[in-house]
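Enquirer: Contents of work-v2.cif (mmCIF, C-alpha atoms) are below:
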data_input
loop_
_atom_site.group_PDB
_atom_site.id
_atom_site.type_symbol
_atom_site.label_atom_id
_atom_site.label_comp_id
_atom_site.auth_asym_id
_atom_site.auth_seq_id
_atom_site.Cartn_x
_atom_site.Cartn_y
_atom_site.Cartn_z
ATOM 1 C CA ARG A 629 11.000 10.524 31.579
ATOM 2 C CA ASN A 630 11.327 13.929 33.241
ATOM 3 C CA ASP A 631 9.245 15.564 35.949
ATOM 4 C CA LYS A 632 9.466 19.096 34.630
ATOM 5 C CA LYS A 633 6.425 20.347 32.759
ATOM 6 C CA TYR A 634 7.147 22.580 29.765
ATOM 7 C CA LYS A 635 5.662 26.070 29.984
ATOM 8 C CA TYR A 636 4.762 27.675 26.619
ATOM 9 C CA GLY A 637 7.188 30.427 25.655
ATOM 10 C CA THR A 638 10.152 28.943 27.546
ATOM 11 C CA LEU A 639 13.257 29.241 25.363
ATOM 12 C CA LEU A 640 15.307 26.057 25.621
ATOM 13 C CA THR A 641 19.028 26.266 24.908
ATOM 14 C CA PHE A 642 21.638 23.694 23.929
ATOM 15 C CA GLY A 643 25.370 23.442 24.567
ATOM 16 C CA GLY A 644 27.134 24.546 27.750
ATOM 17 C CA ASN A 645 23.989 25.928 29.395
ATOM 18 C CA ASN A 646 21.737 23.119 28.202
ATOM 19 C CA THR A 647 18.163 23.701 29.386
ATOM 20 C CA ALA A 648 16.867 21.367 26.638
ATOM 21 C CA LEU A 649 18.769 18.364 28.014
ATOM 22 C CA GLU A 650 15.999 16.912 30.170
ATOM 23 C CA TYR A 651 13.604 16.842 27.187
ATOM 24 C CA ILE A 652 15.975 15.079 24.731
ATOM 25 C CA THR A 653 15.119 11.430 24.054
ATOM 26 C CA HIS A 654 17.721 10.560 21.391
ATOM 27 C CA GLY A 655 20.038 11.751 18.638
ATOM 28 C CA ILE A 656 21.731 14.717 20.338
ATOM 29 C CA VAL A 657 25.174 14.913 21.957
ATOM 30 C CA SER A 658 25.091 17.514 24.716
ATOM 31 C CA ARG A 659 28.774 17.715 25.606
ATOM 32 C CA ASP A 660 29.586 20.899 23.673
ATOM 33 C CA GLU A 661 30.693 23.966 25.608
ATOM 34 C CA GLY A 662 29.465 26.380 22.932
ATOM 35 C CA ASP A 663 25.896 27.589 22.556
ATOM 36 C CA TYR A 664 24.790 24.555 20.546
ATOM 37 C CA SER A 665 24.674 20.762 20.637
ATOM 38 C CA TRP A 666 25.379 18.323 17.801
ATOM 39 C CA THR A 667 22.946 15.842 16.353
ATOM 40 C CA ASN A 668 24.579 12.409 16.072
ATOM 41 C CA ASP A 669 22.079 10.350 14.114
ATOM 42 C CA VAL A 670 19.678 10.596 11.166
ATOM 43 C CA SER A 671 16.969 11.653 13.636
ATOM 44 C CA CYS A 672 16.592 13.269 17.032
ATOM 45 C CA GLY A 673 13.714 13.549 19.442
ATOM 46 C CA PHE A 674 12.226 15.283 22.438
ATOM 47 C CA GLU A 675 9.504 14.422 24.932
ATOM 48 C CA PHE A 676 7.550 17.201 26.596
ATOM 49 C CA GLU A 677 4.831 17.126 29.181
ATOM 50 C CA LEU A 678 3.098 20.422 28.523
ATOM 51 C CA GLU A 679 2.058 22.515 31.507
ATOM 52 C CA LYS A 680 -1.395 23.111 29.970
ATOM 53 C CA ALA A 681 -3.375 21.566 27.140
ATOM 54 C CA PRO A 682 -3.167 23.956 24.162
ATOM 55 C CA LYS A 683 -6.170 26.173 23.447
ATOM 56 C CA ARG A 684 -4.795 27.018 19.995
ATOM 57 C CA ASP A 685 -2.309 25.617 17.506
ATOM 58 C CA LEU A 686 1.312 25.574 18.621
ATOM 59 C CA LEU A 687 4.241 27.224 16.855
ATOM 60 C CA VAL A 688 7.624 25.508 17.167
ATOM 61 C CA THR A 689 10.846 27.375 16.338
ATOM 62 C CA ILE A 690 14.174 25.519 16.222
ATOM 63 C CA ASP A 691 17.493 27.236 15.484
ATOM 64 C CA ILE A 692 19.453 24.724 13.418
ATOM 65 C CA ALA A 693 22.622 24.886 11.324
ATOM 66 C CA GLN A 694 24.363 22.367 9.147
ATOM 67 C CA VAL A 695 27.969 21.633 10.045
ATOM 68 C CA TYR A 696 29.232 20.638 6.592
ATOM 69 C CA ALA A 697 28.108 23.008 3.834
ATOM 70 C CA GLU A 698 29.721 20.719 1.247
ATOM 71 C CA ASN A 699 27.006 18.209 2.076
ATOM 72 C CA GLY A 700 24.456 20.380 0.205
ATOM 73 C CA ALA A 701 20.891 21.238 1.196
ATOM 74 C CA GLN A 702 19.598 19.318 4.210
ATOM 75 C CA ASN A 703 16.159 17.741 4.136
ATOM 76 C CA VAL A 704 14.188 17.858 7.378
ATOM 77 C CA VAL A 705 10.893 16.258 8.370
ATOM 78 C CA CYS A 706 9.311 17.115 11.745
ATOM 79 C CA TYR A 707 6.646 15.055 13.501
ATOM 80 C CA ALA A 708 4.539 15.859 16.551
ATOM 81 C CA ASN A 709 3.027 12.745 18.154
ATOM 82 C CA ASP A 710 3.594 10.884 14.848
ATOM 83 C CA VAL A 711 1.792 13.552 12.768
ATOM 84 C CA GLU A 712 3.958 15.150 10.051
ATOM 85 C CA CYS A 713 3.998 18.912 10.664
ATOM 86 C CA TYR A 714 6.889 20.088 8.507
ATOM 87 C CA LYS A 715 8.829 18.948 5.483
ATOM 88 C CA GLY A 716 11.458 21.081 3.804
ATOM 89 C CA SER A 717 15.157 21.691 3.328
ATOM 90 C CA PHE A 718 17.702 24.332 4.242
ATOM 91 C CA LEU A 719 21.277 25.328 3.506
ATOM 92 C CA GLY A 720 23.587 26.863 6.113
ATOM 93 C CA GLU A 721 21.627 27.911 9.172
ATOM 94 C CA THR A 722 17.961 28.633 9.628
ATOM 95 C CA LYS A 723 15.046 28.871 11.997
ATOM 96 C CA LEU A 724 12.772 25.907 11.389
ATOM 97 C CA ARG A 725 9.237 27.148 12.098
ATOM 98 C CA PHE A 726 6.199 24.929 11.945
ATOM 99 C CA MET A 727 2.724 24.594 13.374
ATOM 100 C CA ILE A 728 1.381 21.752 15.461
ATOM 101 C CA PRO A 729 -2.433 21.584 15.302
ATOM 102 C CA GLU A 730 -3.829 21.767 18.846
ATOM 103 C CA ASN A 731 -5.776 18.506 18.339
ATOM 104 C CA VAL A 732 -2.469 16.607 17.964
ATOM 105 C CA ILE A 733 -1.933 17.030 21.731
ATOM 106 C CA GLY A 734 -4.014 14.568 23.748
ATOM 107 C CA GLU A 735 -5.482 14.881 27.230
ATOM 108 C CA ASP A 736 -2.184 13.608 28.684
ATOM 109 C CA LYS A 737 -0.570 16.882 27.417
ATOM 110 C CA LYS A 738 2.381 14.893 26.036
ATOM 111 C CA LEU A 739 4.275 16.102 22.981
ATOM 112 C CA LEU A 740 6.728 13.770 21.286
ATOM 113 C CA LEU A 741 8.719 15.844 18.822
ATOM 114 C CA HIS A 742 10.630 13.759 16.275
ATOM 115 C CA ILE A 743 12.959 15.309 13.694
ATOM 116 C CA GLU A 744 14.201 13.285 10.717
ATOM 117 C CA LEU A 745 17.580 14.383 9.293
ATOM 118 C CA PRO A 746 18.017 11.948 6.395
ATOM 119 C CA ASP A 747 21.041 13.730 4.898
ATOM 120 C CA ALA A 748 23.194 13.539 8.047
ATOM 121 C CA VAL A 749 26.684 12.258 7.243
ATOM 122 C CA VAL A 750 29.630 10.819 9.116
ATOM 123 C CA PRO A 751 32.526 13.337 8.934
ATOM 124 C CA ILE A 752 34.987 10.658 7.831
ATOM 125 C CA GLU A 753 32.857 10.225 4.663
ATOM 126 C CA ILE A 754 33.425 13.808 3.496
ATOM 127 C CA ASN A 755 36.166 15.353 5.576
ATOM 128 C CA ASN A 756 39.831 14.827 4.653
ATOM 129 C CA GLY A 757 40.028 11.408 6.284
ATOM 130 C CA LYS A 758 39.297 12.684 9.789
ATOM 131 C CA ASP A 759 38.516 9.658 11.889
ATOM 132 C CA ASP A 760 35.333 10.987 13.449
ATOM 133 C CA MET A 761 32.754 8.225 13.144
ATOM 134 C CA GLU A 762 29.847 10.079 14.715
ATOM 135 C CA ARG A 763 27.135 11.372 12.408
ATOM 136 C CA ILE A 764 27.500 15.012 13.527
ATOM 137 C CA SER A 765 25.812 16.973 10.769
ATOM 138 C CA HIS A 766 23.665 19.567 12.507
ATOM 139 C CA GLU A 767 23.957 22.065 15.339
ATOM 140 C CA LEU A 768 20.904 22.855 17.467
ATOM 141 C CA ALA A 769 21.029 26.141 19.380
ATOM 142 C CA ARG A 770 17.505 27.013 20.587
ATOM 143 C CA LEU A 771 14.015 25.520 20.710
ATOM 144 C CA LEU A 772 10.789 27.344 21.532
ATOM 145 C CA ILE A 773 7.144 26.210 21.680
ATOM 146 C CA GLU A 774 4.453 28.893 21.773
ATOM 147 C CA GLN A 775 0.686 28.971 21.453
ATOM 148 C CA MET A 776 -0.463 30.902 18.405
ATOM 149 C CA SER A 777 -2.159 34.173 19.243
ATOM 150 C CA GLU A 778 -5.887 34.377 18.539
ATOM 151 C CA SER A 779 -5.346 37.384 16.290
ATOM 152 C CA SER A 780 -2.897 35.470 14.099
ATOM 153 C CA ASP A 781 -4.208 35.275 10.541
ATOM 154 C CA ARG A 782 -1.687 32.672 9.353
#
Could I get this structure in the form of structure tokens?
Expert:
Amino acid sequence: RNDKKYKYGTLLTFGGNNTALEYITHGIVSRDEGDYSWTNDVSCGFEFELEKAPKRDLLVTIDIAQVYAENGAQNVVCYANDVECYKGSFLGETKLRFMIPENVIGEDKKLLLHIELPDAVVPIEINNGKDDMERISHELARLLIEQMSESSDR
């Protein structure tokens, strides 16, 4: 899909200066001028070709915030190449942090990151009759993939 290989430690941003754009496969609207992009579905995804095969487990950090606090805690499930790596919930804004075991990445160095957002809502369902039909429930601001350090005891 894209020709650019992802280098570990590269901070990807969303919104006006969207460096994550070329890695997005679905579920994210990138037209916002702020420092975030909206999700517009009950899932979103990314496809990375990693610069190097990992020598250690990977740590993914995603800055995410819910748009409608009245929607309650948001469940999130994250998959790397179809392997579940994270399941949890958050309220407000948070840094989702989860590990991807190095053996999940094959020799092709491809990483398909898939994020399920089952509690995403359409604003018209909860918001004073506004006629917005898109399912814009989350803001993504930053995404980072790093290799774990050898000295890490986690």
Enquirer: Hey, what comes out of the PyMOL selection byres ((chain A and resi 716-728) around 9) on this file? Could you write it as a PyMOL selection string?
Expert: chain A and resi 685-697+700-708+711-715+729-733+767+776
Enquirer: Sort by chain and increasing residue number a table of all residues of stretch 646-667 of chain A within 10 Å of stretch 735-752 of chain A, each with its closest pair of atoms and their distance in Å to one decimal, counting only C-alpha atoms, and write it as CSV.
Expert:
residue,atom,partner,partner_atom,distance
A:Tyr651,CA,A:Leu740,CA,9.6
A:Ile652,CA,A:Leu741,CA,9.4
A:Thr653,CA,A:Leu740,CA,9.1
A:His654,CA,A:His742,CA,9.3
A:Gly655,CA,A:Ile743,CA,9.3
A:Thr667,CA,A:Ala748,CA,8.6
Enquirer: Store the residues picked out above, limited to C-alpha atoms, as a CSV table (one decimal), keeping the file's coordinate frame.
Expert:
chain,number,residue,atom,x,y,z
A,651,TYR,CA,13.6,16.8,27.2
A,652,ILE,CA,16.0,15.1,24.7
A,653,THR,CA,15.1,11.4,24.1
A,654,HIS,CA,17.7,10.6,21.4
A,655,GLY,CA,20.0,11.8,18.6
A,667,THR,CA,22.9,15.8,16.4
Enquirer: Just so the selection is clear, what residues does the PyMOL selection byres ((chain A and resi 657) around 7) cover here, as a PyMOL selection string?
Expert: chain A and resi 655-656+658-659+665-668
Enquirer: How would you write, as a compact mmCIF listing (two decimals) with C-alpha atoms, in the frame of the given file, the residues chosen by the PyMOL selection byres ((chain A and resi 648) around 10) on this structure?
Expert:
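Okay, this is what ended up in expr-v3.txt:
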# COMPACT_ATOMS: atom_id res chain seq x y z
CA LEU A 639 13.26 29.24 25.36
CA LEU A 640 15.31 26.06 25.62
CA THR A 641 19.03 26.27 24.91
CA PHE A 642 21.64 23.69 23.93
CA GLY A 643 25.37 23.44 24.57
CA ASN A 645 23.99 25.93 29.40
CA ASN A 646 21.74 23.12 28.20
CA THR A 647 18.16 23.70 29.39
CA LEU A 649 18.77 18.36 28.01
CA GLU A 650 16.00 16.91 30.17
CA TYR A 651 13.60 16.84 27.19
CA ILE A 652 15.98 15.08 24.73
CA SER A 658 25.09 17.51 24.72
CA SER A 665 24.67 20.76 20.64
CA PHE A 674 12.23 15.28 22.44
CA ALA A 769 21.03 26.14 19.38
CA ARG A 770 17.50 27.01 20.59
CA LEU A 771 14.02 25.52 20.71
CA LEU A 772 10.79 27.34 21.53
Enquirer: One decimal, in Å: what's the spacing between atom CA of A:Tyr634 and atom CA of A:Glu778?
Expert: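 Separating atom CA of A:Tyr634 from atom CA of A:Glu778 is a distance of 20.9 Å.
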Enquirer: Measure the distance from atom CA of A:Leu768 to atom CA of A:Asp663 in Å and round it to one decimal.
Expert: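 Interatomic distance here is 8.6 Å.
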Enquirer: Separation of atom CA of A:Gly673 and atom CA of A:Ser777, in Å?
Expert: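 Atom CA of A:Gly673 sits 26.0 Å away from atom CA of A:Ser777.
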Enquirer: So, with only C-alpha atoms as the atoms that count, which of A:Pro682, A:Asn699, A:Phe676, A:Lys632 lies closest to A:Ile764?
Expert: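 The shortest atom-to-atom distance to A:Ile764 comes from A:Asn699.
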Enquirer: Which is closest to A:Lys635 among A:Asp710, A:Glu677, A:Tyr664, A:Val670, if we use all atoms listed in the file?
Expert: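 Using all atoms listed in the file, the shortest distance to A:Lys635 belongs to A:Glu677.
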Enquirer: Go ahead and fit an axis-aligned box to every listed atom of stretch 636-639 of chain A plus 3 Å each side, and pass me the centre and edge lengths in Å, one decimal, as AutoDock Vina command-line options.
Expert:
--center_x 9.0 --center_y 29.1 --center_z 26.5 --size_x 14.5 --size_y 8.8 --size_z 8.2
